[in-house]
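S.K.: So I've got this file, work.cif, and it contains mmCIF, C-alpha atoms and all ligand atoms:
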```
data_final
loop_
_atom_site.label_atom_id
_atom_site.label_comp_id
_atom_site.auth_asym_id
_atom_site.auth_seq_id
_atom_site.Cartn_x
_atom_site.Cartn_y
_atom_site.Cartn_z
CA MET A 18 -23.52 -20.45 -5.50
CA ILE A 19 -24.90 -17.00 -6.32
CA ASP A 20 -24.50 -15.54 -9.80
CA GLU A 21 -27.51 -13.59 -10.91
CA ASN A 22 -26.18 -10.32 -12.31
CA PRO A 23 -26.80 -8.24 -9.24
CA VAL A 24 -27.24 -4.50 -9.60
CA THR A 25 -25.56 -2.55 -6.84
CA VAL A 26 -27.05 0.71 -5.68
CA ASN A 27 -24.53 3.31 -4.56
CA ARG A 28 -25.00 4.66 -1.09
CA GLY A 29 -24.08 8.12 -2.38
CA THR A 30 -26.46 10.58 -3.99
CA GLY A 31 -25.00 10.57 -7.51
CA ALA A 32 -27.19 11.20 -10.55
CA GLY A 33 -26.83 7.58 -11.63
CA ARG A 34 -28.54 6.25 -8.52
CA ARG A 35 -31.35 3.89 -9.37
CA ARG A 36 -34.81 4.45 -7.99
CA ARG A 37 -35.74 1.05 -6.78
CA PRO A 38 -37.20 0.21 -3.40
CA ARG A 39 -34.30 -0.47 -1.06
CA CYS A 40 -34.08 -3.57 1.00
CA GLN A 41 -33.45 -2.41 4.55
CA ALA A 42 -32.09 -5.79 5.51
CA HIS A 43 -29.10 -5.34 3.25
CA ARG A 44 -26.75 -2.55 4.09
CA PHE A 45 -25.44 -2.12 0.57
CA GLY A 46 -28.80 -2.45 -1.20
CA VAL A 47 -27.99 -5.21 -3.63
CA PHE A 48 -30.82 -5.94 -6.04
CA LEU A 49 -31.30 -8.48 -8.76
CA ARG A 50 -32.36 -7.58 -12.30
CA ASN A 51 -35.50 -9.64 -11.82
CA GLY A 52 -36.59 -7.27 -9.05
CA GLY A 53 -35.67 -9.60 -6.20
CA CYS A 54 -33.22 -8.89 -3.48
CA LEU A 55 -29.96 -10.73 -3.04
CA LYS A 56 -29.47 -12.17 0.39
CA LEU A 57 -25.95 -11.47 1.53
CA ILE A 58 -23.97 -14.14 3.29
CA PRO A 59 -24.07 -12.88 6.86
CA SER A 60 -21.00 -11.67 8.70
CA ILE A 61 -20.84 -11.88 12.45
CA SER A 62 -19.48 -8.36 12.95
CA ALA A 63 -22.16 -5.91 14.07
CA ASN A 64 -20.10 -2.86 13.04
CA MET A 65 -19.47 -4.15 9.58
CA SER A 66 -18.26 -1.53 7.15
CA ILE A 67 -17.53 -4.01 4.39
CA SER A 68 -19.48 -6.96 3.13
CA PHE A 69 -18.28 -9.95 1.20
CA ARG A 70 -20.37 -12.03 -1.13
CA ILE A 71 -19.22 -15.31 -2.64
CA LEU A 72 -20.40 -15.46 -6.25
CA LYS A 73 -19.00 -18.85 -7.19
CA ARG A 74 -16.97 -21.62 -5.64
CA SER A 75 -14.67 -23.78 -7.72
CA LYS A 76 -15.46 -27.49 -7.73
CA ARG A 77 -11.81 -28.27 -8.48
CA SER A 78 -10.02 -26.26 -5.81
CA ARG A 79 -10.57 -23.82 -2.93
CA ALA A 80 -10.69 -20.93 -5.46
CA ARG A 81 -13.72 -18.69 -5.33
CA LEU A 82 -15.12 -15.59 -7.00
CA GLY A 83 -16.26 -12.89 -4.66
CA LEU A 84 -17.44 -9.32 -4.36
CA LEU A 85 -15.94 -7.23 -1.58
CA GLN A 86 -18.03 -4.15 -0.91
CA THR A 87 -16.47 -1.23 0.92
CA PRO A 88 -17.37 2.41 1.59
CA HIS A 89 -15.17 3.28 -1.42
CA GLY A 90 -16.67 0.88 -3.91
CA GLU A 91 -16.59 -2.80 -4.65
CA VAL A 92 -13.77 -5.12 -5.61
CA GLU A 93 -14.15 -8.33 -7.58
CA THR A 94 -12.04 -11.05 -6.04
CA PRO A 95 -9.55 -12.67 -6.41
CA ALA A 96 -7.74 -9.34 -6.66
CA LEU A 97 -4.21 -8.01 -6.48
CA VAL A 98 -3.77 -5.23 -3.95
CA GLY A 99 -1.33 -2.60 -5.21
CA VAL A 100 1.36 -1.56 -2.76
CA ALA A 101 1.45 2.15 -1.87
CA THR A 102 3.81 2.05 1.10
CA GLN A 103 4.13 5.80 1.62
CA ALA A 104 0.62 6.65 0.32
CA SER A 105 1.88 6.43 -3.25
CA VAL A 106 2.39 3.66 -5.78
CA LYS A 107 6.06 4.42 -6.32
CA THR A 108 6.67 6.40 -9.55
CA LEU A 109 2.94 6.62 -10.45
CA THR A 110 0.33 9.28 -9.83
CA SER A 111 -2.87 7.96 -8.24
CA GLU A 112 -4.62 8.65 -11.58
CA ALA A 113 -2.12 6.44 -13.40
CA ALA A 114 -2.43 3.72 -10.74
CA LEU A 115 -6.20 3.74 -11.34
CA GLN A 116 -5.62 3.28 -15.07
CA THR A 117 -3.54 0.15 -14.47
CA GLY A 118 -6.78 -1.43 -13.21
CA SER A 119 -5.66 -1.60 -9.57
CA PRO A 120 -8.86 -2.15 -7.61
CA LEU A 121 -7.46 -1.35 -4.16
CA LEU A 122 -4.19 -0.34 -2.50
CA ILE A 123 -2.39 -1.14 0.73
CA CYS A 124 -0.41 1.54 2.61
CA ASN A 125 2.10 1.02 5.37
CA THR A 126 1.19 1.99 8.91
CA LEU A 127 4.70 2.14 10.29
CA HIS A 128 6.20 4.20 7.47
CA LEU A 129 3.30 6.68 7.54
CA HIS A 130 3.55 6.89 11.34
CA LEU A 131 7.22 7.85 11.03
CA LYS A 132 6.67 10.21 8.10
CA PRO A 133 4.56 12.38 7.81
CA GLY A 134 2.76 11.08 10.94
CA GLU A 135 -0.90 10.04 11.12
CA ALA A 136 -1.96 13.52 12.33
CA ALA A 137 -0.78 15.04 9.04
CA VAL A 138 -2.69 12.41 7.03
CA LYS A 139 -5.82 12.99 9.10
CA ALA A 140 -5.48 16.77 8.66
CA GLY A 141 -5.28 16.11 4.92
CA GLY A 142 -8.70 14.43 5.06
CA GLY A 143 -7.54 10.83 5.60
CA LEU A 144 -5.66 8.61 3.17
CA HIS A 145 -8.22 8.73 0.35
CA LYS A 146 -8.22 12.53 0.09
CA PHE A 147 -4.58 12.86 1.06
CA MET A 148 -3.43 10.77 -1.91
CA ASN A 149 -6.46 11.38 -4.17
CA TRP A 150 -7.35 7.68 -4.39
CA PRO A 151 -11.10 7.07 -4.74
CA ARG A 152 -11.09 3.28 -4.40
CA PRO A 153 -10.68 1.14 -1.27
CA ILE A 154 -7.50 1.26 0.81
CA MET A 155 -6.02 -1.18 3.31
CA THR A 156 -3.35 -0.35 5.88
CA ASP A 157 -1.17 -3.10 7.28
CA SER A 158 -0.49 -3.14 11.00
CA GLY A 159 3.28 -2.58 11.06
CA GLY A 160 3.83 -6.19 12.15
CA TYR A 161 5.84 -7.11 9.07
CA GLN A 162 8.20 -4.18 9.70
CA VAL A 163 8.80 -5.61 13.17
CA PHE A 164 10.15 -8.69 11.43
CA SER A 165 12.04 -6.88 8.67
CA LEU A 166 13.77 -4.56 11.17
CA GLY A 167 14.31 -7.45 13.56
CA PHE A 168 15.18 -11.06 12.77
CA GLY A 169 14.71 -10.42 9.03
CA MET A 170 17.49 -7.83 9.10
CA ASP A 171 19.66 -9.88 11.47
CA HIS A 172 19.60 -12.84 9.10
CA GLY A 173 19.18 -11.00 5.77
CA MET A 174 15.99 -12.79 4.72
CA GLY A 175 12.35 -12.25 3.80
CA LYS A 176 9.19 -14.29 4.32
CA ILE A 177 10.37 -17.12 2.12
CA LEU A 178 13.70 -18.77 2.84
CA LYS A 179 15.51 -18.64 -0.50
CA THR A 180 18.80 -20.21 0.55
CA LYS A 181 19.51 -22.59 3.39
CA THR A 182 21.18 -20.96 6.34
CA GLY A 183 22.46 -22.01 9.72
CA ALA A 184 20.53 -19.17 11.40
CA ARG A 185 17.94 -20.14 14.02
CA VAL A 186 15.47 -18.20 16.14
CA SER A 187 14.61 -19.79 19.48
CA ARG A 188 12.49 -18.81 22.43
CA TYR A 189 13.82 -15.98 24.66
CA GLN A 190 15.87 -14.72 21.73
CA GLN A 191 15.52 -11.04 20.77
CA PRO A 192 16.53 -9.34 17.51
CA LYS A 193 19.52 -6.98 17.63
CA LEU A 194 17.77 -3.72 16.77
CA LEU A 195 14.40 -4.07 18.49
CA LYS A 196 12.86 -5.49 21.60
CA ILE A 197 9.61 -7.46 21.50
CA GLY A 198 7.64 -7.52 24.75
CA GLU A 199 4.17 -8.52 25.89
CA ASP A 200 2.72 -5.06 25.15
CA GLY A 201 4.47 -4.40 21.85
CA VAL A 202 7.75 -3.61 20.15
CA THR A 203 10.38 -0.97 20.88
CA PHE A 204 12.71 -0.03 18.06
CA THR A 205 14.86 2.78 16.78
CA SER A 206 13.52 4.94 13.95
CA TYR A 207 15.59 4.56 10.81
CA LEU A 208 14.85 8.22 10.06
CA ASP A 209 16.05 10.09 13.11
CA GLY A 210 17.21 7.51 15.64
CA ARG A 211 14.40 8.16 18.13
CA GLN A 212 12.94 5.27 20.12
CA ILE A 213 9.50 4.20 18.88
CA PHE A 214 7.06 1.93 20.70
CA MET A 215 4.29 0.19 18.81
CA GLY A 216 1.86 -2.34 20.16
CA PRO A 217 -1.68 -3.41 19.25
CA LYS A 218 -3.31 -0.31 20.77
CA GLU A 219 -0.87 2.08 19.12
CA SER A 220 -1.21 0.36 15.74
CA ILE A 221 -5.02 0.55 15.80
CA ARG A 222 -5.04 4.20 16.90
CA ILE A 223 -2.65 5.11 14.09
CA GLN A 224 -4.69 3.16 11.54
CA GLU A 225 -7.88 4.84 12.71
CA LYS A 226 -6.36 8.24 11.99
CA LEU A 227 -5.03 7.13 8.59
CA GLY A 228 -8.62 6.18 7.71
CA ALA A 229 -8.30 3.16 5.38
CA ASP A 230 -11.39 1.04 4.66
CA ILE A 231 -9.69 -2.12 5.93
CA ILE A 232 -7.13 -2.19 8.74
CA PHE A 233 -5.13 -5.07 10.19
CA ALA A 234 -4.55 -6.33 13.73
CA PHE A 235 -0.99 -5.96 15.03
CA ASP A 236 1.02 -9.17 14.87
CA GLU A 237 4.53 -10.50 14.90
CA CYS A 238 5.57 -11.93 11.56
CA THR A 239 7.85 -14.80 12.53
CA SER A 240 11.08 -15.64 10.73
CA PRO A 241 11.44 -18.64 8.36
CA VAL A 242 14.18 -19.88 10.70
CA ALA A 243 12.13 -19.59 13.90
CA ASP A 244 11.78 -22.95 15.63
CA HIS A 245 8.48 -24.50 16.73
CA GLU A 246 8.82 -23.26 20.31
CA TYR A 247 9.48 -19.63 19.32
CA THR A 248 6.72 -19.68 16.69
CA ALA A 249 4.17 -21.07 19.19
CA PHE A 250 5.20 -18.55 21.85
CA SER A 251 5.00 -15.64 19.36
CA MET A 252 1.69 -16.88 17.93
CA GLU A 253 0.03 -16.92 21.36
CA ARG A 254 1.20 -13.33 21.91
CA THR A 255 -0.17 -12.34 18.48
CA HIS A 256 -3.49 -13.90 19.56
CA ARG A 257 -3.53 -11.77 22.72
CA TRP A 258 -2.69 -8.70 20.61
CA ALA A 259 -5.61 -9.56 18.27
CA GLN A 260 -8.04 -9.36 21.18
CA VAL A 261 -6.55 -6.02 22.27
CA CYS A 262 -6.99 -4.69 18.71
CA LEU A 263 -10.68 -5.68 18.71
CA ARG A 264 -11.21 -3.98 22.08
CA THR A 265 -9.31 -0.84 21.00
CA LYS A 266 -11.00 -0.09 17.67
CA ARG A 267 -13.59 2.70 17.88
CA THR A 268 -14.25 3.45 14.20
CA GLY A 269 -16.44 1.68 11.65
CA GLN A 270 -13.40 0.55 9.66
CA ALA A 271 -13.24 -3.13 8.82
CA LEU A 272 -10.63 -4.94 10.93
CA TYR A 273 -8.87 -8.10 9.72
CA GLY A 274 -7.25 -10.49 12.19
CA VAL A 275 -3.91 -12.00 11.19
CA VAL A 276 -3.18 -15.74 11.30
CA GLN A 277 0.38 -16.73 12.21
CA GLY A 278 1.96 -20.09 13.05
CA GLY A 279 4.85 -20.24 10.60
CA LYS A 280 5.39 -23.39 8.56
CA PHE A 281 4.04 -25.69 11.29
CA GLU A 282 0.71 -27.27 10.43
CA ASP A 283 -0.45 -27.69 14.04
CA LEU A 284 0.26 -24.02 14.79
CA ARG A 285 -1.22 -22.67 11.55
CA ARG A 286 -4.46 -24.59 12.15
CA ARG A 287 -4.56 -23.55 15.82
CA SER A 288 -4.00 -19.90 14.91
CA ALA A 289 -6.64 -19.97 12.15
CA ARG A 290 -9.19 -21.55 14.53
CA PHE A 291 -8.47 -18.98 17.23
CA ILE A 292 -8.39 -15.87 14.99
CA GLY A 293 -11.32 -17.26 12.95
CA GLY A 294 -13.36 -17.50 16.15
CA LEU A 295 -13.03 -13.78 16.85
CA PRO A 296 -15.39 -11.15 15.38
CA PHE A 297 -13.04 -9.87 12.70
CA ASP A 298 -14.44 -8.67 9.37
CA GLY A 299 -11.86 -10.68 7.44
CA PHE A 300 -8.52 -12.38 7.87
CA GLY A 301 -4.93 -11.80 6.91
CA ILE A 302 -2.69 -14.79 6.38
CA GLY A 303 0.69 -13.56 7.55
CA GLY A 304 4.08 -14.78 8.56
CA GLU A 305 6.69 -16.80 6.82
CA PHE A 306 6.02 -19.41 4.18
CA GLY A 307 8.87 -21.85 4.59
CA ASP A 308 11.39 -22.52 1.88
CA ASP A 309 9.36 -23.77 -1.05
CA LYS A 310 6.39 -22.51 -3.01
CA LYS A 311 4.51 -25.84 -2.94
CA LEU A 312 4.62 -25.75 0.83
CA MET A 313 3.28 -22.19 0.69
CA ALA A 314 0.12 -23.30 -1.13
CA ARG A 315 -0.32 -26.20 1.33
CA MET A 316 0.08 -23.80 4.25
CA ILE A 317 -2.58 -21.45 2.88
CA GLY A 318 -4.82 -24.49 2.49
CA TRP A 319 -4.42 -25.47 6.18
CA VAL A 320 -5.44 -21.96 7.21
CA VAL A 321 -8.33 -21.66 4.77
CA ASP A 322 -9.72 -25.02 5.98
CA GLU A 323 -10.07 -23.60 9.48
CA LEU A 324 -11.25 -20.03 8.74
CA PRO A 325 -14.95 -19.15 8.48
CA GLU A 326 -16.00 -19.58 4.85
CA ALA A 327 -18.07 -16.39 4.58
CA ARG A 328 -15.41 -13.83 5.36
CA PRO A 329 -12.63 -12.59 3.04
CA ARG A 330 -9.01 -13.80 3.27
CA HIS A 331 -6.03 -11.65 2.42
CA LEU A 332 -2.57 -13.08 1.84
CA LEU A 333 -0.01 -10.61 3.14
CA GLY A 334 2.98 -9.84 0.97
CA ILE A 335 3.28 -12.67 -1.60
CA GLY A 336 2.70 -12.68 -5.34
CA HIS A 337 5.12 -13.41 -8.20
CA PRO A 338 3.20 -14.10 -11.44
CA GLU A 339 3.76 -17.85 -11.04
CA ASP A 340 2.41 -17.69 -7.46
CA ILE A 341 -0.93 -16.16 -8.36
CA LEU A 342 -2.71 -19.29 -9.56
CA PRO A 343 -1.59 -21.50 -6.61
CA ILE A 344 -2.52 -18.73 -4.17
CA VAL A 345 -6.00 -18.41 -5.66
CA GLN A 346 -6.46 -22.19 -5.84
CA ALA A 347 -5.46 -22.39 -2.18
CA GLY A 348 -8.33 -20.02 -1.34
CA ALA A 349 -6.89 -16.47 -1.03
CA ASP A 350 -9.32 -13.71 -2.08
CA THR A 351 -6.87 -10.81 -2.14
CA PHE A 352 -3.08 -10.57 -1.96
CA ASP A 353 -0.53 -7.80 -2.03
CA CYS A 354 3.00 -7.80 -3.28
CA THR A 355 5.73 -5.35 -4.18
CA VAL A 356 6.95 -7.52 -7.07
CA PRO A 357 5.40 -5.61 -10.03
CA THR A 358 6.49 -2.19 -8.77
CA HIS A 359 9.82 -3.14 -7.18
CA TYR A 360 11.02 -5.11 -10.21
CA ALA A 361 9.92 -2.31 -12.56
CA ARG A 362 12.16 0.17 -10.78
CA HIS A 363 15.07 -2.20 -11.33
CA GLY A 364 14.40 -2.66 -15.04
CA THR A 365 12.40 -5.90 -15.13
CA ALA A 366 9.23 -6.12 -17.19
CA PHE A 367 6.86 -9.07 -16.77
CA THR A 368 5.40 -10.21 -20.09
CA SER A 369 3.37 -13.05 -21.55
CA THR A 370 6.66 -14.54 -22.82
CA GLY A 371 8.56 -14.19 -19.54
CA ARG A 372 10.66 -11.56 -17.78
CA LEU A 373 12.70 -8.98 -19.67
CA ASP A 374 15.70 -7.26 -18.14
CA LEU A 375 15.72 -3.88 -19.85
CA ASN A 376 19.22 -3.19 -18.55
CA GLN A 377 20.59 -5.56 -21.20
CA SER A 378 22.05 -3.73 -24.21
CA ARG A 379 20.61 -6.29 -26.67
CA PHE A 380 17.24 -4.57 -26.26
CA LEU A 381 18.67 -1.40 -27.83
CA LYS A 382 18.22 -3.15 -31.19
CA ASP A 383 14.75 -4.50 -30.40
CA GLN A 384 12.00 -2.45 -32.07
CA GLY A 385 9.12 -4.49 -30.64
CA PRO A 386 6.80 -3.52 -27.77
CA LEU A 387 7.39 -4.89 -24.26
CA ASP A 388 4.57 -7.39 -24.76
CA ARG A 389 2.60 -7.85 -28.00
CA LYS A 390 -0.35 -9.23 -26.05
CA CYS A 391 -0.54 -6.32 -23.59
CA GLY A 392 -3.13 -3.59 -24.08
CA CYS A 393 -1.48 -0.95 -21.89
CA PHE A 394 -0.45 2.45 -23.26
CA VAL A 395 3.25 1.72 -22.71
CA CYS A 396 3.11 -1.29 -25.01
CA GLY A 397 0.99 0.72 -27.46
CA SER A 398 3.40 3.67 -27.61
CA TYR A 399 6.96 2.66 -26.80
CA ARG A 400 9.52 0.18 -28.10
CA ARG A 401 11.94 -1.96 -26.14
CA SER A 402 14.86 -0.06 -27.72
CA TYR A 403 13.68 3.26 -26.26
CA LEU A 404 12.88 1.81 -22.83
CA CYS A 405 16.30 0.12 -22.74
CA HIS A 406 17.96 3.44 -23.65
CA LEU A 407 16.08 5.23 -20.86
CA PHE A 408 17.27 2.68 -18.33
CA ARG A 409 20.86 2.86 -19.41
CA ALA A 410 20.63 6.68 -19.38
CA LYS A 411 19.13 6.48 -15.86
CA GLU A 412 16.08 8.51 -16.89
CA ALA A 413 13.44 8.37 -14.13
CA THR A 414 10.56 8.27 -16.66
CA VAL A 415 11.30 4.66 -17.50
CA MET A 416 10.56 3.51 -13.94
CA SER A 417 7.11 5.01 -14.24
CA LEU A 418 6.53 3.40 -17.67
CA LEU A 419 7.63 -0.07 -16.49
CA THR A 420 5.66 0.22 -13.24
CA PHE A 421 2.54 1.06 -15.24
CA HIS A 422 3.05 -1.89 -17.58
CA ASN A 423 3.85 -4.37 -14.79
CA LEU A 424 0.83 -3.41 -12.69
CA HIS A 425 -1.40 -3.55 -15.77
CA TYR A 426 0.06 -6.97 -16.63
CA PHE A 427 -0.52 -8.35 -13.11
CA ASN A 428 -4.06 -6.97 -12.92
CA GLU A 429 -4.85 -8.53 -16.31
CA LEU A 430 -3.42 -11.84 -15.12
CA VAL A 431 -5.73 -11.81 -12.09
CA ARG A 432 -8.70 -10.73 -14.22
CA ARG A 433 -8.12 -13.78 -16.45
CA VAL A 434 -7.91 -16.00 -13.37
CA ARG A 435 -11.32 -14.66 -12.29
CA LEU A 436 -12.67 -15.42 -15.76
CA GLU A 437 -11.34 -18.97 -15.58
CA ILE A 438 -13.01 -19.52 -12.21
CA LYS A 439 -16.25 -18.19 -13.67
CA ARG A 440 -15.94 -20.67 -16.54
CA GLY A 441 -15.25 -23.52 -14.12
CA ARG A 442 -11.72 -24.16 -15.39
CA ILE A 443 -9.81 -23.45 -12.16
ZN ZN A 501 2.01 -3.25 -21.38
#
```
Turn this file's structure into structure tokens for me.
Ligand SMILES: [Zn+2]

M.R.:
Amino acid sequence: MIDENPVTVNRGTGAGRRRRPRCQAHRFGVFLRNGGCLKLIPSISANMSISFRILKRSKRSRARLGLLQTPHGEVETPALVGVATQASVKTLTSEAALQTGSPLLICNTLHLHLKPGEAAVKAGGGLHKFMNWPRPIMTDSGGYQVFSLGFGMDHGMGKILKTKTGARVSRYQQPKLLKIGEDGVTFTSYLDGRQIFMGPKESIRIQEKLGADIIFAFDECTSPVADHEYTAFSMERTHRWAQVCLRTKRTGQALYGVVQGGKFEDLRRRSARFIGGLPFDGFGIGGEFGDDKKLMARMIGWVVDELPEARPRHLLGIGHPEDILPIVQAGADTFDCTVPTHYARHGTAFTSTGRLDLNQSRFLKDQGPLDRKCGCFVCGSYRRSYLCHLFRAKEATVMSLLTFHNLHYFNELVRRVRLEIKRGRI
């Protein structure tokens, strides 16, 4: 356990830079207040552009406090990664997204490839300058879109199976709208109908041009109804793609490998051992999570057991408020989810007393704030009656106000989880 109030020295040349002798052994120059130097937990990647330091491990669960250091600043973990699919947190300016306390964002490789194209983002100075976001950015690989445009669309489902269905995915089966082959995926653009091919090489080259701090290896996210044979077959191909991604990358960006294996313990453990044995800077835990939330936490646990302890773990695309604690206790360091922003745009506010559906007319008579315990400016300035009116009047402003509140609420929730780990209560 390391918890000695480290002082981090910026690598930039800002006026606030401290004049202390730098330790050449440590890339990010982390010093202790007592004048010593903090030894970072070593990573095996030679080209490391991030570092991850574990500050405290829970004695009660797999939860841990960490510090993820990137070229665009550091992130205390566990942390929620805000979703900025098209290089924007929907309805918010980047300045507003910063004020919600979002420590880092994840953008979508496939959507940005289709529009405006990675060349336009690169010409705009890369994602950080393009969207005026000073903190760290991740880009996903496009693998989830392969699923959502493929079997996900065929069967009308996401990563968690909400209702039982007779649908099955077996080996040799292909989705209706795309074709998955050994080198990658061919599909039709939803924008203009042109044929697009994306494989591990293409995904990495696109992500290099987008310029995020952390990029992901290309994978196939398998369906919750895929059988063991299909999931094993797909997982082995994802493993081959992971090696191609490592060989393709030319930049200093951090590259995370993605663990697959579906809901099958033998496959999840096998995938985590294989991906964990490769020189990735961190790991994504991807794919489907079965049909119940308890199983999801167990599945994360199988993976975490097999992954190298010293490198960060990101859970891809999961995170309702009630999921956050089990996810953290299962050992995830970061996680992204569209829930706070997506639900806001449909009128749902998350509060300390539960969800509110602002579409309901009863709130027109409610003069209270969204959440009395929330410190965000929306709760400080606006009443439920006004927000309800805006929704019913279809005023776009309300989506922005609810998105701000929801993101602030989620970030506060995760901050309190970090505090509880620090106090030894989780
Ligand atoms: Zn609020």

S.K.: Which residue is closest to ligand ZN 501 (chain A)? Choose from A:Val261, A:Ala101, A:Ala289, A:Ala361 and count all atoms listed in the file.

M.R.: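 Going through A:Val261, A:Ala101, A:Ala289, A:Ala361 one by one, the smallest distance to ligand ZN 501 (chain A) is for A:Ala361.
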
S.K.: Region 133-139 of chain A: which residues within 12 Å, counting only C-alpha atoms, same-chain residues fewer than 5 positions away excluded, as a list in words?

M.R.: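 What passes the distance filter is Gln103, Ala104, Cys124, Asn125, Thr126, Leu127, His128, Leu144, His145, Lys146, Phe147, Met148, Asn149, Thr156, Leu208, Glu219, Ser220, Ile221, Arg222, Ile223, Gln224, Glu225, Lys226, Leu227, Gly228 and Ala229 of chain A.
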
S.K.: Between A:Phe380, A:Gly142, A:Thr248, A:Thr117, which has the minimum distance to ligand ZN 501 (chain A) (counting all atoms listed in the file)?

M.R.: A:Thr117

S.K.: Go ahead and compute the interatomic distance for CA of Gly397 (chain A) and CA of Asp374 (chain A), in Å to one decimal.

M.R.: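 Computing the Euclidean distance for CA of Gly397 (chain A) and CA of Asp374 (chain A) yields 19.2 Å.
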
S.K.: Pick from A:Leu424, A:Ile67, A:Cys238, A:Leu404: nearest to ligand ZN 501 (chain A), with all atoms listed in the file counted?

M.R.: A:Leu424

S.K.: For chain A versus ligand ZN 501 (chain A), which residues have an atom no more than 9 Å away, and what is each residue's nearest atom pair and distance in Å rounded to one decimal, using only C-alpha atoms and all ligand atoms, chain-then-number order, as a Markdown table?

M.R.:
```
| residue | atom | partner | partner_atom | distance |
| --- | --- | --- | --- | --- |
| A:Ala366 | CA | A:ZN501 | ZN | 8.8 |
| A:Phe367 | CA | A:ZN501 | ZN | 8.9 |
| A:Thr368 | CA | A:ZN501 | ZN | 7.8 |
| A:Pro386 | CA | A:ZN501 | ZN | 8.0 |
| A:Leu387 | CA | A:ZN501 | ZN | 6.3 |
| A:Asp388 | CA | A:ZN501 | ZN | 5.9 |
| A:Arg389 | CA | A:ZN501 | ZN | 8.1 |
| A:Lys390 | CA | A:ZN501 | ZN | 7.9 |
| A:Cys391 | CA | A:ZN501 | ZN | 4.6 |
| A:Gly392 | CA | A:ZN501 | ZN | 5.8 |
| A:Cys393 | CA | A:ZN501 | ZN | 4.2 |
| A:Phe394 | CA | A:ZN501 | ZN | 6.5 |
| A:Val395 | CA | A:ZN501 | ZN | 5.3 |
| A:Cys396 | CA | A:ZN501 | ZN | 4.3 |
| A:Gly397 | CA | A:ZN501 | ZN | 7.3 |
| A:Leu418 | CA | A:ZN501 | ZN | 8.9 |
| A:Leu419 | CA | A:ZN501 | ZN | 8.1 |
| A:Phe421 | CA | A:ZN501 | ZN | 7.5 |
| A:His422 | CA | A:ZN501 | ZN | 4.2 |
| A:Asn423 | CA | A:ZN501 | ZN | 6.9 |
| A:Leu424 | CA | A:ZN501 | ZN | 8.8 |
| A:His425 | CA | A:ZN501 | ZN | 6.6 |
| A:Tyr426 | CA | A:ZN501 | ZN | 6.3 |
```

S.K.: Once you have the residues from the selection above, write them out as a PDB file, keeping the file's coordinate frame, restricted to C-alpha atoms.

M.R.:
```
ATOM      1  CA  ALA A 366       9.230  -6.120 -17.190  1.00  0.00           C
ATOM      2  CA  PHE A 367       6.860  -9.070 -16.770  1.00  0.00           C
ATOM      3  CA  THR A 368       5.400 -10.210 -20.090  1.00  0.00           C
ATOM      4  CA  PRO A 386       6.800  -3.520 -27.770  1.00  0.00           C
ATOM      5  CA  LEU A 387       7.390  -4.890 -24.260  1.00  0.00           C
ATOM      6  CA  ASP A 388       4.570  -7.390 -24.760  1.00  0.00           C
ATOM      7  CA  ARG A 389       2.600  -7.850 -28.000  1.00  0.00           C
ATOM      8  CA  LYS A 390      -0.350  -9.230 -26.050  1.00  0.00           C
ATOM      9  CA  CYS A 391      -0.540  -6.320 -23.590  1.00  0.00           C
ATOM     10  CA  GLY A 392      -3.130  -3.590 -24.080  1.00  0.00           C
ATOM     11  CA  CYS A 393      -1.480  -0.950 -21.890  1.00  0.00           C
ATOM     12  CA  PHE A 394      -0.450   2.450 -23.260  1.00  0.00           C
ATOM     13  CA  VAL A 395       3.250   1.720 -22.710  1.00  0.00           C
ATOM     14  CA  CYS A 396       3.110  -1.290 -25.010  1.00  0.00           C
ATOM     15  CA  GLY A 397       0.990   0.720 -27.460  1.00  0.00           C
ATOM     16  CA  LEU A 418       6.530   3.400 -17.670  1.00  0.00           C
ATOM     17  CA  LEU A 419       7.630  -0.070 -16.490  1.00  0.00           C
ATOM     18  CA  PHE A 421       2.540   1.060 -15.240  1.00  0.00           C
ATOM     19  CA  HIS A 422       3.050  -1.890 -17.580  1.00  0.00           C
ATOM     20  CA  ASN A 423       3.850  -4.370 -14.790  1.00  0.00           C
ATOM     21  CA  LEU A 424       0.830  -3.410 -12.690  1.00  0.00           C
ATOM     22  CA  HIS A 425      -1.400  -3.550 -15.770  1.00  0.00           C
ATOM     23  CA  TYR A 426       0.060  -6.970 -16.630  1.00  0.00           C
TER      24      TYR A 426
END
```

S.K.: Expressed in Å to a single decimal, how great is the separation between CA of Phe69 (chain A) and CA of Gly216 (chain A)?

M.R.: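 Between CA of Phe69 (chain A) and CA of Gly216 (chain A) the gap works out to 28.7 Å.
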
S.K.: Separation of CA of Ala349 (chain A) and CA of Arg81 (chain A), in Å?

M.R.: 8.4 Å

S.K.: Just checking: using only C-alpha atoms, which residue out of A:Leu131, A:Ala234, A:Ile443, A:Val202 ends up closest to Leu166 (chain A)?

M.R.: A:Val202

S.K.: Using all atoms listed in the file, determine which residues lie at most 10 Å from Met416 (chain A), disregarding the query and same-chain residues fewer than 4 positions distant; provide the list as a ChimeraX atom specification.

M.R.: /A:107-109,358-365,404,407-408,411-412,420-422
